[in-house]
file final.txt (compact mmCIF, C-alpha atoms)
# COMPACT_ATOMS: atom_id res chain seq x y z
CA MET X 1 0.00 0.00 0.00
CA ASN X 2 1.50 3.35 -1.01
CA GLY X 3 1.88 6.36 1.26
CA LEU X 4 -1.31 8.04 0.10
CA HIS X 5 -3.49 5.00 0.75
CA ARG X 6 -1.91 4.55 4.19
CA ALA X 7 -2.60 8.19 5.09
CA ALA X 8 -6.08 8.15 3.53
CA TRP X 9 -7.41 5.47 5.88
CA PRO X 10 -7.25 7.67 9.01
CA ALA X 11 -9.01 10.48 7.08
CA LEU X 12 -11.80 8.17 5.93
CA GLY X 13 -11.96 6.59 9.39
CA ALA X 14 -12.42 10.04 10.92
CA ALA X 15 -15.28 10.75 8.51
CA ILE X 16 -16.94 7.38 9.25
CA LEU X 17 -16.78 7.82 13.03
CA PHE X 18 -17.99 11.42 12.94
CA GLY X 19 -20.70 10.67 10.40
CA ALA X 20 -21.87 7.69 12.45
CA SER X 21 -22.25 9.88 15.54
CA THR X 22 -25.08 11.86 13.89
CA PRO X 23 -27.78 9.14 13.78
CA PHE X 24 -26.82 7.93 17.26
CA ALA X 25 -27.11 11.47 18.65
CA LYS X 26 -30.39 11.83 16.75
CA GLN X 27 -31.70 8.74 18.52
CA LEU X 28 -30.99 10.38 21.87
CA ILE X 29 -33.07 13.39 20.89
CA GLY X 30 -35.76 11.52 18.97
CA ALA X 31 -36.45 9.05 21.75
CA GLY X 32 -37.69 11.88 23.94
CA ARG X 33 -35.17 11.18 26.66
CA ILE X 34 -33.38 14.49 26.27
CA THR X 35 -33.92 16.92 29.14
CA SER X 36 -31.39 19.47 27.94
CA SER X 37 -30.84 21.72 24.93
CA PRO X 38 -28.91 20.85 21.77
CA VAL X 39 -26.22 23.23 23.01
CA LEU X 40 -25.72 21.20 26.17
CA LEU X 41 -25.81 17.99 24.14
CA ALA X 42 -22.98 19.34 21.98
CA GLY X 43 -21.06 20.18 25.14
CA LEU X 44 -21.51 16.66 26.52
CA LEU X 45 -20.36 15.13 23.23
CA TYR X 46 -17.20 17.25 23.29
CA LEU X 47 -16.63 16.53 27.00
CA GLY X 48 -16.92 12.82 26.32
CA SER X 49 -14.25 13.29 23.69
CA GLY X 50 -11.88 15.27 25.92
CA LEU X 51 -12.28 13.21 29.08
CA GLY X 52 -12.16 9.88 27.23
CA LEU X 53 -9.00 10.74 25.29
CA THR X 54 -7.32 12.10 28.41
CA LEU X 55 -8.04 8.83 30.21
CA VAL X 56 -6.67 6.81 27.28
CA ARG X 57 -3.54 8.94 27.30
CA LEU X 58 -3.04 8.47 31.06
CA VAL X 59 -3.37 4.69 30.67
CA ARG X 60 -1.03 4.64 27.68
CA ASP X 61 1.64 6.73 29.43
CA LYS X 62 1.11 5.05 32.85
CA GLY X 63 0.41 8.44 34.43
CA TRP X 64 0.73 12.08 33.50
CA GLN X 65 3.52 12.81 31.05
CA SER X 66 4.53 16.04 29.35
CA PRO X 67 2.94 16.21 25.88
CA GLY X 68 6.38 16.96 24.46
CA ILE X 69 5.15 19.70 22.13
CA PRO X 70 8.06 21.98 21.08
CA SER X 71 7.80 25.53 22.40
CA HIS X 72 7.47 27.03 18.91
CA GLU X 73 4.37 24.87 18.22
CA TRP X 74 2.35 25.97 21.26
CA PRO X 75 1.04 29.16 19.57
CA TRP X 76 -0.28 27.04 16.70
CA LEU X 77 -2.03 24.64 19.09
CA LEU X 78 -3.49 27.41 21.27
CA GLY X 79 -4.72 29.18 18.16
CA ALA X 80 -6.33 25.98 16.90
CA ILE X 81 -8.07 25.44 20.24
CA ALA X 82 -9.27 29.07 20.33
CA PHE X 83 -10.73 28.95 16.82
CA GLY X 84 -11.97 25.34 16.80
CA GLY X 85 -12.89 24.87 20.44
CA VAL X 86 -14.27 28.30 21.37
CA LEU X 87 -15.14 30.52 18.40
CA GLY X 88 -16.41 27.77 16.08
CA PRO X 89 -18.96 26.26 18.50
CA LEU X 90 -20.18 29.71 19.58
CA MET X 91 -20.78 30.81 15.98
CA LEU X 92 -22.46 27.47 15.27
CA MET X 93 -24.94 27.98 18.11
CA VAL X 94 -25.77 31.50 16.89
CA GLY X 95 -26.21 30.17 13.36
CA LEU X 96 -28.45 27.27 14.35
CA GLU X 97 -30.67 29.62 16.34
CA HIS X 98 -31.37 31.76 13.25
CA THR X 99 -31.29 29.11 10.50
CA THR X 100 -33.28 26.02 9.52
CA ALA X 101 -31.60 22.64 9.99
CA ALA X 102 -31.54 21.97 6.23
CA THR X 103 -29.86 25.29 5.45
CA ALA X 104 -27.37 24.72 8.26
CA SER X 105 -26.44 21.28 6.92
CA LEU X 106 -25.82 22.77 3.49
CA LEU X 107 -23.76 25.70 4.71
CA LEU X 108 -21.58 23.50 6.93
CA ASN X 109 -20.09 22.06 3.72
CA LEU X 110 -18.18 25.35 3.58
CA GLU X 111 -15.73 24.02 6.17
CA SER X 112 -13.95 21.72 3.74
CA VAL X 113 -13.94 24.38 1.02
CA LEU X 114 -12.48 27.04 3.31
CA THR X 115 -9.98 24.53 4.72
CA ALA X 116 -8.70 23.83 1.21
CA VAL X 117 -8.65 27.49 0.18
CA LEU X 118 -6.63 28.47 3.25
CA ALA X 119 -4.31 25.49 2.79
CA TRP X 120 -3.63 26.35 -0.84
CA MET X 121 -3.66 30.17 -0.72
CA VAL X 122 -2.25 30.96 2.74
CA PHE X 123 -0.26 27.91 3.85
CA ARG X 124 0.95 27.04 0.33
CA GLU X 125 0.04 23.36 0.22
CA ASN X 126 0.59 21.85 -3.20
CA THR X 127 -2.37 20.83 -5.33
CA ASP X 128 -3.27 19.96 -8.91
CA ARG X 129 -6.35 19.78 -11.13
CA ARG X 130 -7.18 16.20 -10.07
CA ILE X 131 -7.29 17.15 -6.38
CA VAL X 132 -9.31 20.30 -7.04
CA LEU X 133 -11.80 18.36 -9.19
CA GLY X 134 -12.12 15.63 -6.55
CA MET X 135 -12.69 18.28 -3.89
CA VAL X 136 -15.37 19.99 -5.99
CA LEU X 137 -17.22 16.69 -6.62
CA ILE X 138 -17.19 15.78 -2.91
CA VAL X 139 -18.49 19.21 -1.91
CA ILE X 140 -21.20 19.18 -4.58
CA GLY X 141 -22.22 15.73 -3.34
CA GLY X 142 -22.55 17.10 0.18
CA ALA X 143 -24.55 20.06 -1.10
CA VAL X 144 -26.94 17.77 -3.02
CA LEU X 145 -27.40 15.64 0.10
CA ALA X 146 -28.24 18.66 2.29
CA TRP X 147 -30.16 20.84 -0.18
CA PRO X 148 -33.42 22.12 1.37
CA ALA X 149 -36.55 20.43 0.05
CA GLY X 150 -38.01 23.76 -1.01
CA GLY X 151 -34.91 24.69 -2.96
CA THR X 152 -34.49 28.06 -1.22
CA LEU X 153 -31.89 29.27 1.22
CA ALA X 154 -32.18 31.75 4.06
CA ILE X 155 -30.10 34.91 4.31
CA GLY X 156 -29.18 37.07 7.26
CA LEU X 157 -27.45 36.57 10.61
CA GLY X 158 -27.84 32.77 10.74
CA PRO X 159 -26.02 31.93 7.49
CA TRP X 160 -23.29 34.47 8.20
CA ALA X 161 -22.75 32.97 11.66
CA LEU X 162 -22.56 29.46 10.19
CA ALA X 163 -20.11 30.63 7.56
CA SER X 164 -18.03 32.20 10.35
CA ALA X 165 -18.09 28.89 12.25
CA CYS X 166 -16.84 27.11 9.13
CA LEU X 167 -14.07 29.67 8.71
CA ALA X 168 -13.07 29.21 12.37
CA TRP X 169 -12.88 25.42 11.90
CA ALA X 170 -10.97 25.84 8.63
CA ILE X 171 -8.39 27.96 10.45
CA ASP X 172 -8.35 25.35 13.23
CA ASN X 173 -7.66 22.57 10.69
CA ASN X 174 -4.75 24.42 9.12
CA LEU X 175 -3.23 25.41 12.45
CA THR X 176 -3.58 21.84 13.73
CA ARG X 177 -1.66 20.65 10.71
CA LYS X 178 1.28 22.69 12.05
CA VAL X 179 1.37 20.55 15.22
CA SER X 180 0.18 17.25 13.72
CA ALA X 181 3.59 15.63 14.26
CA SER X 182 3.00 15.83 18.02
CA ASP X 183 0.86 13.55 20.22
CA ALA X 184 -2.54 13.20 18.50
CA LEU X 185 -4.21 12.08 21.75
CA PHE X 186 -3.12 15.23 23.57
CA ILE X 187 -4.10 17.53 20.69
CA ALA X 188 -7.55 15.98 20.25
CA GLY X 189 -8.14 15.66 24.01
CA SER X 190 -7.28 19.32 24.62
CA LYS X 191 -9.69 20.45 21.93
CA GLY X 192 -12.43 18.25 23.32
CA LEU X 193 -12.02 19.55 26.87
CA VAL X 194 -12.10 23.20 25.77
CA ALA X 195 -15.00 22.83 23.33
CA GLY X 196 -16.91 20.70 25.84
CA SER X 197 -16.47 23.22 28.63
CA VAL X 198 -17.54 26.12 26.41
CA ASN X 199 -20.65 24.42 25.04
CA THR X 200 -21.70 22.93 28.37
CA ALA X 201 -21.36 26.28 30.15
CA LEU X 202 -23.27 27.99 27.33
CA GLY X 203 -26.05 25.42 27.42
CA LEU X 204 -26.49 25.77 31.18
CA ALA X 205 -26.39 29.56 30.90
CA LEU X 206 -29.21 29.38 28.35
CA GLY X 207 -31.37 27.51 30.84
CA ALA X 208 -30.77 23.85 30.02
CA THR X 209 -31.27 21.28 32.76
CA TRP X 210 -28.66 18.68 33.65
CA PRO X 211 -29.67 15.30 32.12
CA HIS X 212 -30.06 12.00 33.95
CA THR X 213 -27.20 9.51 34.25
CA GLY X 214 -28.29 7.23 31.40
CA PHE X 215 -28.49 10.07 28.89
CA LEU X 216 -25.23 11.55 30.16
CA SER X 217 -23.27 8.31 29.77
CA SER X 218 -24.72 7.66 26.29
CA ALA X 219 -23.88 11.16 25.07
CA MET X 220 -20.33 11.02 26.39
CA LEU X 221 -19.72 7.57 24.87
CA ILE X 222 -20.94 8.81 21.48
CA GLY X 223 -18.72 11.87 21.93
CA PHE X 224 -15.67 9.77 22.77
CA LEU X 225 -16.01 7.65 19.63
CA GLY X 226 -17.63 10.04 17.16
CA TYR X 227 -15.78 13.20 18.18
CA GLY X 228 -12.71 12.08 20.13
CA MET X 229 -11.40 9.08 18.22
CA SER X 230 -12.51 10.74 15.00
CA LEU X 231 -10.36 13.79 15.83
CA VAL X 232 -7.36 11.60 16.67
CA LEU X 233 -7.62 10.00 13.23
CA PHE X 234 -8.09 13.46 11.70
CA VAL X 235 -4.83 14.68 13.25
CA LEU X 236 -3.02 11.57 11.98
CA ALA X 237 -4.43 12.25 8.51
CA LEU X 238 -3.24 15.88 8.68
CA ARG X 239 0.22 14.51 9.45
CA GLY X 240 0.24 12.38 6.31
CA LEU X 241 -1.95 14.26 3.81
CA GLY X 242 -2.03 17.93 4.70
CA ALA X 243 -5.11 20.01 5.49
CA ALA X 244 -6.81 20.27 2.09
CA ARG X 245 -6.83 16.56 1.24
CA THR X 246 -7.81 15.57 4.78
CA GLY X 247 -10.66 18.08 4.70
CA ALA X 248 -11.88 16.62 1.40
CA TYR X 249 -12.02 13.08 2.78
CA PHE X 250 -13.65 14.27 6.00
CA SER X 251 -16.40 16.08 4.09
CA THR X 252 -17.84 12.66 3.19
CA ALA X 253 -19.06 12.39 6.81
CA PRO X 254 -22.61 13.67 6.02
CA PHE X 255 -23.05 10.82 3.53
CA VAL X 256 -21.94 8.29 6.17
CA GLY X 257 -24.51 9.75 8.57
CA ALA X 258 -27.23 9.66 5.92
CA ALA X 259 -26.40 6.07 4.95
CA LEU X 260 -26.51 4.89 8.56
CA SER X 261 -29.81 6.72 9.08
CA VAL X 262 -31.23 4.67 6.23
CA VAL X 263 -30.00 1.43 7.83
CA MET X 264 -30.63 2.25 11.51
CA LEU X 265 -33.70 4.45 11.41
CA GLY X 266 -35.34 3.17 8.24
CA GLU X 267 -35.28 6.58 6.59
CA PRO X 268 -36.10 6.38 2.86
CA THR X 269 -33.48 6.98 0.19
CA SER X 270 -33.99 9.47 -2.62
CA ALA X 271 -32.53 10.38 -5.98
CA ALA X 272 -30.45 13.05 -4.21
CA PHE X 273 -28.95 10.38 -1.92
CA TRP X 274 -27.70 8.30 -4.86
CA VAL X 275 -26.48 11.33 -6.83
CA ALA X 276 -24.51 12.46 -3.76
CA ALA X 277 -23.10 8.95 -3.28
CA THR X 278 -21.89 8.84 -6.89
CA LEU X 279 -20.33 12.31 -6.81
CA MET X 280 -18.52 11.63 -3.53
CA ALA X 281 -17.31 8.21 -4.69
CA VAL X 282 -15.80 9.69 -7.86
CA GLY X 283 -14.22 12.53 -5.86
CA VAL X 284 -12.64 10.15 -3.35
CA ALA X 285 -11.41 7.91 -6.19
CA LEU X 286 -9.67 10.89 -7.82
CA HIS X 287 -7.85 11.57 -4.55
CA LEU X 288 -6.93 7.93 -3.97
CA THR X 289 -5.38 7.63 -7.42
CA GLU X 290 -3.29 10.79 -7.15
CA GLN X 291 0.35 10.43 -8.27
CA HIS X 292 2.22 13.59 -7.31
CA VAL X 293 5.92 13.15 -8.17
CA HIS X 294 8.80 15.49 -8.95
CA GLU X 295 12.34 16.21 -7.79
CA HIS X 296 12.29 18.08 -4.49
CA GLU X 297 14.73 19.07 -1.79
CA HIS X 298 14.50 18.46 1.95
CA THR X 299 16.16 21.05 4.17
CA ASP X 300 17.71 20.34 7.58
CA LEU X 301 14.90 19.57 10.03
CA SER X 302 14.71 18.41 13.64
CA HIS X 303 11.46 17.21 15.19
CA VAL X 304 9.72 14.42 17.13
CA HIS X 305 7.02 12.09 15.81
CA PRO X 306 6.34 8.34 15.42
CA HIS X 307 8.29 7.07 12.40
CA ARG X 308 9.76 4.05 10.64
CA HIS X 309 13.26 3.91 9.20
CA ASP X 310 12.19 4.64 5.63
CA VAL X 311 14.05 6.69 3.03
CA HIS X 312 13.40 9.87 5.04
CA HIS X 313 14.53 8.43 8.37
CA GLN X 314 18.05 7.08 7.96
CA HIS X 315 19.57 8.09 11.30
CA LEU X 316 21.51 6.59 14.19
CA HIS X 317 20.17 6.41 17.73
CA GLU X 318 21.78 7.93 20.80
CA PHE X 319 20.10 5.28 22.94
CA GLU X 320 19.74 1.51 22.92
CA TRP X 321 17.02 0.63 20.41
CA ASP X 322 15.20 -2.72 20.42
CA GLY X 323 14.17 -2.46 16.77
CA THR X 324 10.50 -1.69 17.44
CA GLU X 325 8.79 0.36 14.73
CA PRO X 326 7.16 2.78 14.58
CA HIS X 327 8.86 4.56 17.45
CA ALA X 328 9.16 8.21 18.49
CA HIS X 329 12.17 10.24 19.55
CA ALA X 330 13.89 13.50 18.63
CA HIS X 331 15.69 13.04 15.31
CA ARG X 332 17.25 15.17 12.60
CA HIS X 333 16.74 15.08 8.86
CA SER X 334 19.81 15.96 6.79
CA LYS X 335 19.56 17.90 3.56
CA LEU X 336 18.37 15.58 0.79
CA LYS X 337 17.29 15.92 -2.84
CA HIS X 338 15.37 13.12 -4.58
CA SER X 339 12.25 12.28 -6.57
CA HIS X 340 9.34 10.05 -5.54
CA VAL X 341 5.58 10.05 -5.12
CA HIS X 342 4.73 12.29 -2.16
CA PHE X 343 2.03 14.43 -0.60
CA PRO X 344 2.04 17.59 1.56
CA ASP X 345 2.81 15.69 4.76
CA ILE X 346 5.03 16.92 7.59
CA HIS X 347 8.16 16.15 5.53
CA HIS X 348 7.04 17.66 2.24
CA GLN X 349 6.09 21.29 2.80
CA HIS X 350 8.09 22.72 -0.08
CA ASN X 351 7.31 25.19 -2.83
CA HIS X 352 6.75 24.17 -6.45
call {"tool": "encode", "arguments": {"input": "final.txt", "output": "structure tokens"}}
result
Amino acid sequence: MNGLHRAAWPALGAAILFGASTPFAKQLIGAGRITSSPVLLAGLLYLGSGLGLTLVRLVRDKGWQSPGIPSHEWPWLLGAIAFGGVLGPLMLMVGLEHTTAATASLLLNLESVLTAVLAWMVFRENTDRRIVLGMVLIVIGGAVLAWPAGGTLAIGLGPWALASACLAWAIDNNLTRKVSASDALFIAGSKGLVAGSVNTALGLALGATWPHTGFLSSAMLIGFLGYGMSLVLFVLALRGLGAARTGAYFSTAPFVGAALSVVMLGEPTSAAFWVAATLMAVGVALHLTEQHVHEHEHTDLSHVHPHRHDVHHQHLHEFEWDGTEPHAHAHRHSKLKHSHVHFPDIHHQHNH
């Protein structure tokens, strides 16, 4: 399996887990067991993500360990948390309050578009016509899936707030890419704790009541899997694919949610469902078959991340190594010029 396929699986896995969380969360609301607002539900989902990932990290590390994030990466992470964990959810709540659910679903497709635009125009990720076409097909598929039945869209504060939320998450995605070489559990857990605290506090401030234990545990379990583990896979995908390509794969999540709603809840399919499925399938196929190759130069680089001793990691160890791969430690990349198939991962952030 080539490098793209290996990196694509976490991106698709993130979309599947996040998309699957929608019908499960819908069951919580639809069953009439909810005693709190959607804002508080969002907070509980995020808290389940943050608390669950923090627990997993404590078990993995056998106690609290420093996240090992280099000092120059902290501003990127704090910026990502501020935009994705605070500003994005707040704008989303404002938007949902002044917009229909169908219009909101359609406008939320802007996140992947804005992620790609920022990645290409601001952060200078490489792209080509195949990737752009695949991205367009995936986004159109999402738009077809979410298009309001009446064919009209609202204007005003709600749509602008939703667009602002998408912009905040797009900035979050691109900033997270800057720290994606670091511990994915810590990055995703930190975002979950912040977003969960913000949304939970907002929900309670708006008059929501605290739910019973059964609802609370269900919501937090869904949040751990659908938000937490999904975000861990998203960070891993950012590490291997860059922000634009990861965003494109992740934008298939609404189709996953719709497909599971058909299976789980017996919701009927429509012509729009199958048109969206076809468009998204072709878009993903274009990405999976990408072959980006040219001569490029690696500059001197020192960093820490899990790695195998491939062509980019030919270094000696200053400690006794038992041969286990992948493994993580501080290592240095020497200057290197070569040609091979590659993608805008953490080792290939060069100009063209």
call {"tool": "atom_distance", "arguments": {"input": "final.txt", "atom1": "atom CA of X:Gly242", "atom2": "atom CA of X:Gly134"}}
result
15.3 Å
call {"tool": "atom_distance", "arguments": {"input": "final.txt", "atom1": "atom CA of X:Ile138", "atom2": "atom CA of X:Leu114"}}
result
13.7 Å
call {"tool": "closest_residue", "arguments": {"input": "final.txt", "among": "X:Ala276, X:Leu175, X:Leu118, X:Ala253", "to": "X:Tyr227", "atoms": "only C-alpha atoms"}}
result
X:Ala253
call {"tool": "closest_residue", "arguments": {"input": "final.txt", "among": "X:Ala143, X:Ala208, X:Leu316, X:Ala42", "to": "X:Met220", "atoms": "all atoms listed in the file"}}
result
X:Ala42
call {"tool": "residues_near_point", "arguments": {"input": "final.txt", "point": "(-26.4, 9.6, 5.6)", "cutoff": "10 Å", "atoms": "only C-alpha atoms", "output": "list in words"}}
result
Gly19, Ala20, Thr22, Pro23, Leu145, Ala146, Thr252, Ala253, Pro254, Phe255, Val256, Gly257, Ala258, Ala259, Leu260, Ser261, Val262, Val263, Glu267, Thr269, Phe273, Ala276 and Ala277 of chain X
call {"tool": "closest_atom_pairs", "arguments": {"input": "final.txt", "of": "stretch 172-202 of chain X", "to": "stretch 53-72 of chain X", "cutoff": "12 Å", "atoms": "all atoms listed in the file", "output": "CSV"}}
result
residue,atom,partner,partner_atom,distance
X:Lys178,CA,X:His72,CA,10.2
X:Val179,CA,X:Ile69,CA,7.9
X:Ser180,CA,X:Ile69,CA,10.1
X:Ala181,CA,X:Ile69,CA,9.0
X:Ser182,CA,X:Ile69,CA,6.0
X:Asp183,CA,X:Pro67,CA,6.6
X:Ala184,CA,X:Pro67,CA,9.7
X:Leu185,CA,X:Leu53,CA,6.1
X:Phe186,CA,X:Pro67,CA,6.6
X:Ile187,CA,X:Pro67,CA,8.8
X:Ala188,CA,X:Leu53,CA,7.4
X:Gly189,CA,X:Leu53,CA,5.2
X:Ser190,CA,X:Thr54,CA,8.2
X:Lys191,CA,X:Leu53,CA,10.3
X:Gly192,CA,X:Leu53,CA,8.5
X:Leu193,CA,X:Thr54,CA,8.9
call {"tool": "residues_around", "arguments": {"input": "final.txt", "residues": "X:Leu221", "least_positions_apart": "2", "cutoff": "9 Å", "atoms": "all atoms listed in the file", "output": "NGL selection string"}}
result
:X and (45 or 48-49 or 52 or 216-219 or 223-226)
call {"tool": "closest_residue", "arguments": {"input": "final.txt", "among": "X:Pro306, X:Leu77, X:Ile140, X:Glu97", "to": "X:Met280", "atoms": "all atoms listed in the file"}}
result
X:Ile140
call {"tool": "residues_near_point", "arguments": {"input": "final.txt", "point": "(-29.6, 32.8, 9.4)", "cutoff": "6 Å", "atoms": "only C-alpha atoms", "output": "NGL selection string"}}
result
:X and (95 or 98-99 or 155-159)
call {"tool": "atom_distance", "arguments": {"input": "final.txt", "atom1": "atom CA of X:Val39", "atom2": "atom CA of X:Gly203"}}
result
4.9 Å
call {"tool": "closest_residue", "arguments": {"input": "final.txt", "among": "X:Leu206, X:Leu233, X:Val113, X:Ala119", "to": "X:Val136", "atoms": "only C-alpha atoms"}}
result
X:Val113
call {"tool": "closest_residue", "arguments": {"input": "final.txt", "among": "X:Leu40, X:Trp74, X:Asp310, X:Gly141", "to": "X:Ala205", "atoms": "all atoms listed in the file"}}
result
X:Leu40
call {"tool": "closest_residue", "arguments": {"input": "final.txt", "among": "X:Asn173, X:Thr299, X:Ser230, X:Ser251", "to": "X:Lys335", "atoms": "all atoms listed in the file"}}
result
X:Thr299
call {"tool": "residues_around", "arguments": {"input": "final.txt", "residues": "X:Arg245", "least_positions_apart": "2", "cutoff": "8 Å", "atoms": "all atoms listed in the file", "output": "list in words"}}
result
Ala116, Ile131, Met135, Leu241, Gly242, Ala243, Gly247, Ala248, Tyr249 and His287 of chain X
call {"tool": "decode", "arguments": {"input": "final.txt", "residues": "stretch 263-285 of chain X", "atoms": "N, CA and C atoms", "output": "PDB file, in the first residue's frame"}}
result
ATOM      1  N   VAL X 263     -30.102   2.781   7.286  1.00  0.00           N
ATOM      2  CA  VAL X 263     -30.001   1.428   7.833  1.00  0.00           C
ATOM      3  C   VAL X 263     -30.599   1.345   9.236  1.00  0.00           C
ATOM      4  N   MET X 264     -30.239   2.309  10.105  1.00  0.00           N
ATOM      5  CA  MET X 264     -30.631   2.247  11.509  1.00  0.00           C
ATOM      6  C   MET X 264     -32.062   2.708  11.754  1.00  0.00           C
ATOM      7  N   LEU X 265     -32.419   3.824  11.106  1.00  0.00           N
ATOM      8  CA  LEU X 265     -33.705   4.453  11.407  1.00  0.00           C
ATOM      9  C   LEU X 265     -34.759   4.203  10.342  1.00  0.00           C
ATOM     10  N   GLY X 266     -34.375   3.471   9.288  1.00  0.00           N
ATOM     11  CA  GLY X 266     -35.344   3.167   8.245  1.00  0.00           C
ATOM     12  C   GLY X 266     -35.752   4.360   7.410  1.00  0.00           C
ATOM     13  N   GLU X 267     -34.938   5.409   7.386  1.00  0.00           N
ATOM     14  CA  GLU X 267     -35.275   6.578   6.585  1.00  0.00           C
ATOM     15  C   GLU X 267     -35.180   6.227   5.099  1.00  0.00           C
ATOM     16  N   PRO X 268     -36.093   6.737   4.294  1.00  0.00           N
ATOM     17  CA  PRO X 268     -36.095   6.384   2.863  1.00  0.00           C
ATOM     18  C   PRO X 268     -34.938   7.033   2.116  1.00  0.00           C
ATOM     19  N   THR X 269     -34.485   6.378   1.062  1.00  0.00           N
ATOM     20  CA  THR X 269     -33.481   6.979   0.187  1.00  0.00           C
ATOM     21  C   THR X 269     -34.190   7.805  -0.883  1.00  0.00           C
ATOM     22  N   SER X 270     -33.430   8.612  -1.582  1.00  0.00           N
ATOM     23  CA  SER X 270     -33.988   9.466  -2.620  1.00  0.00           C
ATOM     24  C   SER X 270     -33.007   9.546  -3.768  1.00  0.00           C
ATOM     25  N   ALA X 271     -33.434  10.183  -4.845  1.00  0.00           N
ATOM     26  CA  ALA X 271     -32.531  10.378  -5.976  1.00  0.00           C
ATOM     27  C   ALA X 271     -31.327  11.201  -5.541  1.00  0.00           C
ATOM     28  N   ALA X 272     -31.547  12.196  -4.683  1.00  0.00           N
ATOM     29  CA  ALA X 272     -30.448  13.046  -4.209  1.00  0.00           C
ATOM     30  C   ALA X 272     -29.405  12.226  -3.453  1.00  0.00           C
ATOM     31  N   PHE X 273     -29.864  11.237  -2.684  1.00  0.00           N
ATOM     32  CA  PHE X 273     -28.945  10.380  -1.921  1.00  0.00           C
ATOM     33  C   PHE X 273     -27.996   9.651  -2.868  1.00  0.00           C
ATOM     34  N   TRP X 274     -28.536   9.076  -3.940  1.00  0.00           N
ATOM     35  CA  TRP X 274     -27.697   8.303  -4.857  1.00  0.00           C
ATOM     36  C   TRP X 274     -26.833   9.205  -5.729  1.00  0.00           C
ATOM     37  N   VAL X 275     -27.321  10.376  -6.090  1.00  0.00           N
ATOM     38  CA  VAL X 275     -26.482  11.335  -6.828  1.00  0.00           C
ATOM     39  C   VAL X 275     -25.301  11.760  -5.957  1.00  0.00           C
ATOM     40  N   ALA X 276     -25.577  12.067  -4.675  1.00  0.00           N
ATOM     41  CA  ALA X 276     -24.512  12.459  -3.757  1.00  0.00           C
ATOM     42  C   ALA X 276     -23.501  11.337  -3.578  1.00  0.00           C
ATOM     43  N   ALA X 277     -23.996  10.101  -3.459  1.00  0.00           N
ATOM     44  CA  ALA X 277     -23.104   8.953  -3.285  1.00  0.00           C
ATOM     45  C   ALA X 277     -22.177   8.812  -4.484  1.00  0.00           C
ATOM     46  N   THR X 278     -22.716   8.974  -5.685  1.00  0.00           N
ATOM     47  CA  THR X 278     -21.895   8.843  -6.894  1.00  0.00           C
ATOM     48  C   THR X 278     -20.849   9.944  -6.978  1.00  0.00           C
ATOM     49  N   LEU X 279     -21.258  11.183  -6.746  1.00  0.00           N
ATOM     50  CA  LEU X 279     -20.326  12.307  -6.813  1.00  0.00           C
ATOM     51  C   LEU X 279     -19.194  12.149  -5.799  1.00  0.00           C
ATOM     52  N   MET X 280     -19.543  11.779  -4.567  1.00  0.00           N
ATOM     53  CA  MET X 280     -18.525  11.626  -3.531  1.00  0.00           C
ATOM     54  C   MET X 280     -17.594  10.460  -3.840  1.00  0.00           C
ATOM     55  N   ALA X 281     -18.137   9.370  -4.363  1.00  0.00           N
ATOM     56  CA  ALA X 281     -17.308   8.210  -4.691  1.00  0.00           C
ATOM     57  C   ALA X 281     -16.289   8.564  -5.768  1.00  0.00           C
ATOM     58  N   VAL X 282     -16.726   9.286  -6.796  1.00  0.00           N
ATOM     59  CA  VAL X 282     -15.798   9.692  -7.857  1.00  0.00           C
ATOM     60  C   VAL X 282     -14.748  10.652  -7.304  1.00  0.00           C
ATOM     61  N   GLY X 283     -15.168  11.584  -6.453  1.00  0.00           N
ATOM     62  CA  GLY X 283     -14.222  12.530  -5.856  1.00  0.00           C
ATOM     63  C   GLY X 283     -13.165  11.844  -5.019  1.00  0.00           C
ATOM     64  N   VAL X 284     -13.589  10.900  -4.185  1.00  0.00           N
ATOM     65  CA  VAL X 284     -12.635  10.153  -3.349  1.00  0.00           C
ATOM     66  C   VAL X 284     -11.704   9.324  -4.229  1.00  0.00           C
ATOM     67  N   ALA X 285     -12.240   8.720  -5.293  1.00  0.00           N
ATOM     68  CA  ALA X 285     -11.411   7.915  -6.193  1.00  0.00           C
ATOM     69  C   ALA X 285     -10.328   8.769  -6.850  1.00  0.00           C
TER      70      ALA X 285
END
